[in-house]
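Chemist: You'll find my_file.pdb just under this line, and it carries PDB, C-alpha atoms and all ligand atoms.
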ATOM      1  CA  MET A  27      -5.300 -28.908  -0.430
ATOM      2  CA  THR A  28      -2.075 -30.255   0.914
ATOM      3  CA  VAL A  29       0.051 -29.835  -2.127
ATOM      4  CA  GLN A  30       3.179 -28.004  -1.170
ATOM      5  CA  ARG A  31       5.134 -27.207  -4.185
ATOM      6  CA  VAL A  32       8.176 -25.139  -3.686
ATOM      7  CA  ARG A  33       7.412 -22.331  -5.938
ATOM      8  CA  LYS A  34       9.252 -19.139  -6.343
ATOM      9  CA  VAL A  35       7.348 -16.430  -4.592
ATOM     10  CA  PRO A  36       7.268 -13.281  -6.634
ATOM     11  CA  LEU A  37       8.996 -10.573  -4.665
ATOM     12  CA  ARG A  38       8.311  -6.909  -4.820
ATOM     13  CA  LYS A  39       9.992  -4.028  -3.149
ATOM     14  CA  CYS A  40       8.101  -1.865  -0.726
ATOM     15  CA  VAL A  41       8.414   1.756  -1.753
ATOM     16  CA  GLY A  42       8.492   2.725   1.912
ATOM     17  CA  CYS A  43      10.980   0.546   3.751
ATOM     18  CA  GLN A  44      12.579  -0.737   0.515
ATOM     19  CA  GLU A  45      12.337  -4.311   1.711
ATOM     20  CA  MET A  46      11.737  -7.137  -0.681
ATOM     21  CA  LYS A  47       8.632  -9.029   0.269
ATOM     22  CA  ALA A  48       6.287 -11.547  -1.193
ATOM     23  CA  LYS A  49       3.815  -9.882  -3.441
ATOM     24  CA  ARG A  50       0.891 -11.068  -1.367
ATOM     25  CA  ASP A  51       2.291  -9.389   1.715
ATOM     26  CA  LEU A  52       2.263  -6.061   0.018
ATOM     27  CA  LEU A  53      -0.414  -3.737  -1.143
ATOM     28  CA  ARG A  54      -0.459  -2.629  -4.706
ATOM     29  CA  ILE A  55      -0.865   0.991  -5.562
ATOM     30  CA  VAL A  56      -1.849   1.673  -9.100
ATOM     31  CA  LEU A  57      -1.561   4.579 -11.398
ATOM     32  CA  SER A  58      -4.455   4.100 -13.757
ATOM     33  CA  PRO A  59      -4.148   5.007 -17.432
ATOM     34  CA  ASP A  60      -6.141   8.149 -16.729
ATOM     35  CA  GLY A  61      -3.710   9.310 -14.095
ATOM     36  CA  GLU A  62      -5.531   8.336 -10.947
ATOM     37  CA  VAL A  63      -3.581   6.841  -8.084
ATOM     38  CA  PHE A  64      -5.383   4.398  -5.860
ATOM     39  CA  LEU A  65      -5.039   1.293  -3.794
ATOM     40  CA  ASP A  66      -5.587  -1.941  -5.627
ATOM     41  CA  PRO A  67      -6.311  -4.679  -3.090
ATOM     42  CA  THR A  68      -6.968  -7.219  -5.819
ATOM     43  CA  GLY A  69      -3.691  -6.495  -7.572
ATOM     44  CA  LYS A  70      -5.446  -6.862 -10.876
ATOM     45  CA  LYS A  71      -6.075  -3.355 -12.011
ATOM     46  CA  SER A  72      -4.242  -2.284 -15.088
ATOM     47  CA  GLY A  73      -1.778   0.480 -14.929
ATOM     48  CA  ARG A  74       1.621   1.091 -13.474
ATOM     49  CA  GLY A  75       1.926  -0.407 -10.034
ATOM     50  CA  ALA A  76       3.972   0.167  -6.947
ATOM     51  CA  TYR A  77       4.011  -1.877  -3.810
ATOM     52  CA  VAL A  78       3.965  -0.955  -0.184
ATOM     53  CA  CYS A  79       3.690  -2.973   3.025
ATOM     54  CA  SER A  80       0.211  -3.097   4.439
ATOM     55  CA  GLN A  81       1.107  -0.735   7.200
ATOM     56  CA  ILE A  82       0.652   2.965   7.422
ATOM     57  CA  SER A  83       4.217   3.558   8.525
ATOM     58  CA  CYS A  84       5.533   2.376   5.187
ATOM     59  CA  LEU A  85       3.115   4.584   3.337
ATOM     60  CA  GLN A  86       4.218   7.498   5.447
ATOM     61  CA  LEU A  87       7.803   6.643   4.720
ATOM     62  CA  ALA A  88       7.060   6.587   1.025
ATOM     63  CA  ARG A  89       5.354   9.916   1.392
ATOM     64  CA  LYS A  90       8.293  11.408   3.176
ATOM     65  CA  LYS A  91      10.677  10.196   0.528
ATOM     66  CA  ARG A  92       8.318  10.865  -2.335
ATOM     67  CA  ALA A  93       9.027   7.286  -3.275
ATOM     68  CA  LEU A  94       5.643   6.719  -4.780
ATOM     69  CA  GLU A  95       6.215   9.509  -7.209
ATOM     70  CA  ARG A  96       9.411   7.978  -8.335
ATOM     71  CA  ALA A  97       7.889   4.529  -8.610
ATOM     72  CA  LEU A  98       4.855   5.676 -10.530
ATOM     73  CA  LYS A  99       6.614   8.439 -12.399
ATOM     74  CA  THR A 100       3.866  10.889 -11.683
ATOM     75  CA  SER A 101       3.192  13.558  -9.141
ATOM     76  CA  VAL A 102       1.401  12.310  -6.078
ATOM     77  CA  PRO A 103      -0.186  15.092  -4.056
ATOM     78  CA  ASP A 104      -0.631  14.828  -0.324
ATOM     79  CA  SER A 105      -4.339  14.328  -0.779
ATOM     80  CA  VAL A 106      -3.656  11.102  -2.611
ATOM     81  CA  TYR A 107      -1.408   9.859   0.161
ATOM     82  CA  SER A 108      -4.097  10.666   2.697
ATOM     83  CA  ARG A 109      -6.652   8.794   0.685
ATOM     84  CA  LEU A 110      -4.381   5.812   0.335
ATOM     85  CA  ALA A 111      -3.801   5.847   4.073
ATOM     86  CA  ALA A 112      -7.518   5.960   4.718
ATOM     87  CA  GLN A 113      -8.098   3.108   2.315
ATOM     88  CA  MET A 114      -5.321   1.148   3.918
ATOM     89  CA  GLN A 115      -6.840   1.585   7.337
ATOM     90  CA  GLY A 116     -10.117   0.375   5.982
ATOM     91  CA  LEU A 117      -8.371  -2.783   4.861
ATOM     92  CA  ALA A 118      -6.377  -3.422   7.998
ATOM     93  CA  PRO A 119      -7.681  -6.527   9.735
ATOM     94  CA  ASP A 120      -7.648  -5.116  13.221
ATOM     95  CA  GLY A 121      -5.934  -1.799  13.145
ATOM     96  CA  ALA A 122      -2.552  -3.459  13.175
ATOM     97  CA  GLY A 123       0.250  -0.977  13.401
ATOM     98  CA  ALA A 124      -2.088   1.894  14.044
ATOM     99  CA  GLU A 125      -1.310   2.317  17.682
ATOM    100  CA  GLY A 126       1.530   4.542  18.625
ATOM    101  CA  ALA A 127       1.835   5.767  15.084
ATOM    102  CA  ALA A 128       1.669   9.420  14.324
ATOM    103  CA  GLY A 129      -1.798  10.860  14.219
ATOM    104  CA  ARG A 130      -4.138   9.172  11.883
ATOM    105  CA  PRO A 131      -5.683  11.535   9.389
ATOM    106  CA  GLN A 132      -9.183  10.154   9.697
ATOM    107  CA  PRO A 133      -9.994   7.667  12.380
ATOM    108  CA  GLN A 134     -12.614   5.408  10.967
ATOM    109  CA  GLU A 135     -14.066   3.302  13.688
ATOM    110  CA  GLY A 136     -17.149   1.203  13.634
ATOM    111  CA  ALA A 137     -16.693  -0.052  10.109
ATOM    112  CA  GLY A 138     -16.939  -3.550  11.482
ATOM    113  CA  ARG A 139     -15.245  -5.834   9.052
TER     114      ARG A 139
HETATM  115 ZN    ZN A 201       7.512  -1.537   3.868
END
Since I need it in another form, could you write the structure as structure tokens?
Ligand SMILES: [Zn+2]
Modeler:
Amino acid sequence: MTVQRVRKVPLRKCVGCQEMKAKRDLLRIVLSPDGEVFLDPTGKKSGRGAYVCSQISCLQLARKKRALERALKTSVPDSVYSRLAAQMQGLAPDGAGAEGAAGRPQPQEGAGR
């Protein structure tokens, strides 16, 4: 596979740092039709979506600014943010960005990969 077509990369804005990034560099957060907010690593779930960088700091930023609520037009309780953070940590390749950050809600070690 050496084909290198210059294709327009779809950009999305991170709800945390507000930076435009390639869709594949962001994580999708979905509000499902039945009102549940969750992380959508495949990006294929139906529902209203918002995007955030794959780092906890951006999620925390979004939480601080209530940006997710604005993006999804729904109320997002703290518990949902915590769950998203936990899910995000589960996805992180090697705990990138975790060190030095403010306390992690639930350290989940030993999950392997
Ligand atoms: Zn970001």
Chemist: Any residue with an atom at most 7 Å from ligand ZN 201 (chain A) counts, using only C-alpha atoms and all ligand atoms. Which are they? Put them as a ChimeraX atom specification.
Modeler: /A:40-45,78-79,84
Chemist: Which residue is closest to A:Leu37? Choose from A:Glu95, A:Asp51, A:Asp104, A:Glu62 and count all atoms listed in the file.
Modeler: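 The answer is A:Asp51, which sits nearest to A:Leu37.
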Chemist: When you draw a straight line from atom CA of A:Val106 to atom CA of A:Ala88, how long is it in Å?
Modeler: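 Straight-line distance from atom CA of A:Val106 to atom CA of A:Ala88 works out to 12.2 Å.
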Chemist: Running the PyMOL selection byres (((chain A and resi 35) around 8) and not hetatm) on this model by hand, what would come out? Give it as a count of residues only.
Modeler: 6
Chemist: Calculate how many Å separate atom CA of A:Val32 from atom CA of A:Gly73, rounding to one decimal.
Modeler: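 Atom-to-atom, atom CA of A:Val32 to atom CA of A:Gly73, that is 29.7 Å.
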Chemist: I'd like the interatomic distance between atom CA of A:Asp60 and atom CA of A:Gly116, to a tenth of an Å.
Modeler: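 For atom CA of A:Asp60 relative to atom CA of A:Gly116, the distance reads 24.3 Å.
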Chemist: Can you tell me which residues surround A:Thr100 at a distance of at most 12 Å, considering only C-alpha atoms, apart from same-chain residues fewer than 3 positions away, and format the answer as number ranges by chain?
Modeler: A: 56-63, 74-76, 92-97, 103, 106
Chemist: Calculated over all atoms listed in the file, which of the candidates A:Arg50, A:Ser108, A:Ser83, A:Gln30 has the smallest distance to A:Pro67?
Modeler: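 Result for the nearest residue to A:Pro67: A:Arg50.
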Chemist: Applied to the shown file, which residues does the PyMOL selection byres (((chain A and resi 54) around 6) and not hetatm) return, written as a PyMOL selection string?
Modeler: chain A and resi 53+55+66+69+76-77
Chemist: Write a file of the selected residues as a CSV table (one decimal), in the coordinates of the input, keeping C-alpha atoms.
Modeler:
chain,number,residue,atom,x,y,z
A,53,LEU,CA,-0.4,-3.7,-1.1
A,55,ILE,CA,-0.9,1.0,-5.6
A,66,ASP,CA,-5.6,-1.9,-5.6
A,69,GLY,CA,-3.7,-6.5,-7.6
A,76,ALA,CA,4.0,0.2,-6.9
A,77,TYR,CA,4.0,-1.9,-3.8
Chemist: Provide stretch 63-88 of chain A rebuilt to N, CA and C atoms, formatted as a PDB file, in the frame of the given file.
Modeler:
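As written to disk, part_23.pdb reads:
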ATOM      1  N   VAL A  63      -4.377   7.724  -8.923  1.00  0.00           N
ATOM      2  CA  VAL A  63      -3.581   6.841  -8.084  1.00  0.00           C
ATOM      3  C   VAL A  63      -4.475   6.286  -6.990  1.00  0.00           C
ATOM      4  N   PHE A  64      -4.542   4.978  -6.900  1.00  0.00           N
ATOM      5  CA  PHE A  64      -5.383   4.398  -5.860  1.00  0.00           C
ATOM      6  C   PHE A  64      -4.874   3.039  -5.421  1.00  0.00           C
ATOM      7  N   LEU A  65      -5.420   2.574  -4.342  1.00  0.00           N
ATOM      8  CA  LEU A  65      -5.039   1.293  -3.794  1.00  0.00           C
ATOM      9  C   LEU A  65      -5.743   0.189  -4.569  1.00  0.00           C
ATOM     10  N   ASP A  66      -5.011  -0.845  -4.857  1.00  0.00           N
ATOM     11  CA  ASP A  66      -5.587  -1.941  -5.627  1.00  0.00           C
ATOM     12  C   ASP A  66      -5.464  -3.245  -4.836  1.00  0.00           C
ATOM     13  N   PRO A  67      -6.410  -3.503  -3.962  1.00  0.00           N
ATOM     14  CA  PRO A  67      -6.311  -4.679  -3.090  1.00  0.00           C
ATOM     15  C   PRO A  67      -6.311  -5.987  -3.877  1.00  0.00           C
ATOM     16  N   THR A  68      -6.914  -5.988  -5.042  1.00  0.00           N
ATOM     17  CA  THR A  68      -6.968  -7.219  -5.819  1.00  0.00           C
ATOM     18  C   THR A  68      -5.682  -7.454  -6.600  1.00  0.00           C
ATOM     19  N   GLY A  69      -4.932  -6.372  -6.818  1.00  0.00           N
ATOM     20  CA  GLY A  69      -3.691  -6.495  -7.572  1.00  0.00           C
ATOM     21  C   GLY A  69      -3.922  -6.747  -9.053  1.00  0.00           C
ATOM     22  N   LYS A  70      -5.136  -6.495  -9.497  1.00  0.00           N
ATOM     23  CA  LYS A  70      -5.446  -6.862 -10.876  1.00  0.00           C
ATOM     24  C   LYS A  70      -5.771  -5.688 -11.783  1.00  0.00           C
ATOM     25  N   LYS A  71      -5.771  -4.514 -11.188  1.00  0.00           N
ATOM     26  CA  LYS A  71      -6.075  -3.355 -12.011  1.00  0.00           C
ATOM     27  C   LYS A  71      -4.934  -3.114 -12.988  1.00  0.00           C
ATOM     28  N   SER A  72      -5.295  -2.574 -14.133  1.00  0.00           N
ATOM     29  CA  SER A  72      -4.242  -2.284 -15.088  1.00  0.00           C
ATOM     30  C   SER A  72      -3.657  -0.919 -14.802  1.00  0.00           C
ATOM     31  N   GLY A  73      -2.451  -0.781 -15.183  1.00  0.00           N
ATOM     32  CA  GLY A  73      -1.778   0.480 -14.929  1.00  0.00           C
ATOM     33  C   GLY A  73      -0.427   0.208 -14.299  1.00  0.00           C
ATOM     34  N   ARG A  74       0.318   1.241 -14.093  1.00  0.00           N
ATOM     35  CA  ARG A  74       1.621   1.091 -13.474  1.00  0.00           C
ATOM     36  C   ARG A  74       1.442   0.875 -11.979  1.00  0.00           C
ATOM     37  N   GLY A  75       2.131  -0.091 -11.445  1.00  0.00           N
ATOM     38  CA  GLY A  75       1.926  -0.407 -10.034  1.00  0.00           C
ATOM     39  C   GLY A  75       3.156  -0.181  -9.186  1.00  0.00           C
ATOM     40  N   ALA A  76       2.901   0.095  -7.929  1.00  0.00           N
ATOM     41  CA  ALA A  76       3.972   0.167  -6.947  1.00  0.00           C
ATOM     42  C   ALA A  76       3.490  -0.626  -5.745  1.00  0.00           C
ATOM     43  N   TYR A  77       4.413  -1.061  -4.937  1.00  0.00           N
ATOM     44  CA  TYR A  77       4.011  -1.877  -3.810  1.00  0.00           C
ATOM     45  C   TYR A  77       4.464  -1.272  -2.501  1.00  0.00           C
ATOM     46  N   VAL A  78       3.626  -1.467  -1.496  1.00  0.00           N
ATOM     47  CA  VAL A  78       3.965  -0.955  -0.184  1.00  0.00           C
ATOM     48  C   VAL A  78       3.450  -1.963   0.844  1.00  0.00           C
ATOM     49  N   CYS A  79       4.149  -2.077   1.969  1.00  0.00           N
ATOM     50  CA  CYS A  79       3.690  -2.973   3.025  1.00  0.00           C
ATOM     51  C   CYS A  79       2.308  -2.521   3.484  1.00  0.00           C
ATOM     52  N   SER A  80       1.562  -3.454   4.024  1.00  0.00           N
ATOM     53  CA  SER A  80       0.211  -3.097   4.439  1.00  0.00           C
ATOM     54  C   SER A  80       0.221  -2.428   5.798  1.00  0.00           C
ATOM     55  N   GLN A  81       1.121  -1.508   5.964  1.00  0.00           N
ATOM     56  CA  GLN A  81       1.107  -0.735   7.200  1.00  0.00           C
ATOM     57  C   GLN A  81       1.319   0.740   6.896  1.00  0.00           C
ATOM     58  N   ILE A  82       0.628   1.525   7.651  1.00  0.00           N
ATOM     59  CA  ILE A  82       0.652   2.965   7.422  1.00  0.00           C
ATOM     60  C   ILE A  82       2.062   3.529   7.481  1.00  0.00           C
ATOM     61  N   SER A  83       2.883   2.980   8.365  1.00  0.00           N
ATOM     62  CA  SER A  83       4.217   3.558   8.525  1.00  0.00           C
ATOM     63  C   SER A  83       5.003   3.513   7.222  1.00  0.00           C
ATOM     64  N   CYS A  84       4.807   2.458   6.447  1.00  0.00           N
ATOM     65  CA  CYS A  84       5.533   2.376   5.187  1.00  0.00           C
ATOM     66  C   CYS A  84       4.989   3.378   4.183  1.00  0.00           C
ATOM     67  N   LEU A  85       3.698   3.583   4.224  1.00  0.00           N
ATOM     68  CA  LEU A  85       3.115   4.584   3.337  1.00  0.00           C
ATOM     69  C   LEU A  85       3.628   5.974   3.702  1.00  0.00           C
ATOM     70  N   GLN A  86       3.725   6.202   4.998  1.00  0.00           N
ATOM     71  CA  GLN A  86       4.218   7.498   5.447  1.00  0.00           C
ATOM     72  C   GLN A  86       5.676   7.695   5.064  1.00  0.00           C
ATOM     73  N   LEU A  87       6.406   6.597   5.117  1.00  0.00           N
ATOM     74  CA  LEU A  87       7.803   6.643   4.720  1.00  0.00           C
ATOM     75  C   LEU A  87       7.908   6.988   3.234  1.00  0.00           C
ATOM     76  N   ALA A  88       7.070   6.335   2.467  1.00  0.00           N
ATOM     77  CA  ALA A  88       7.060   6.587   1.025  1.00  0.00           C
ATOM     78  C   ALA A  88       6.701   8.037   0.745  1.00  0.00           C
TER      79      ALA A  88
END
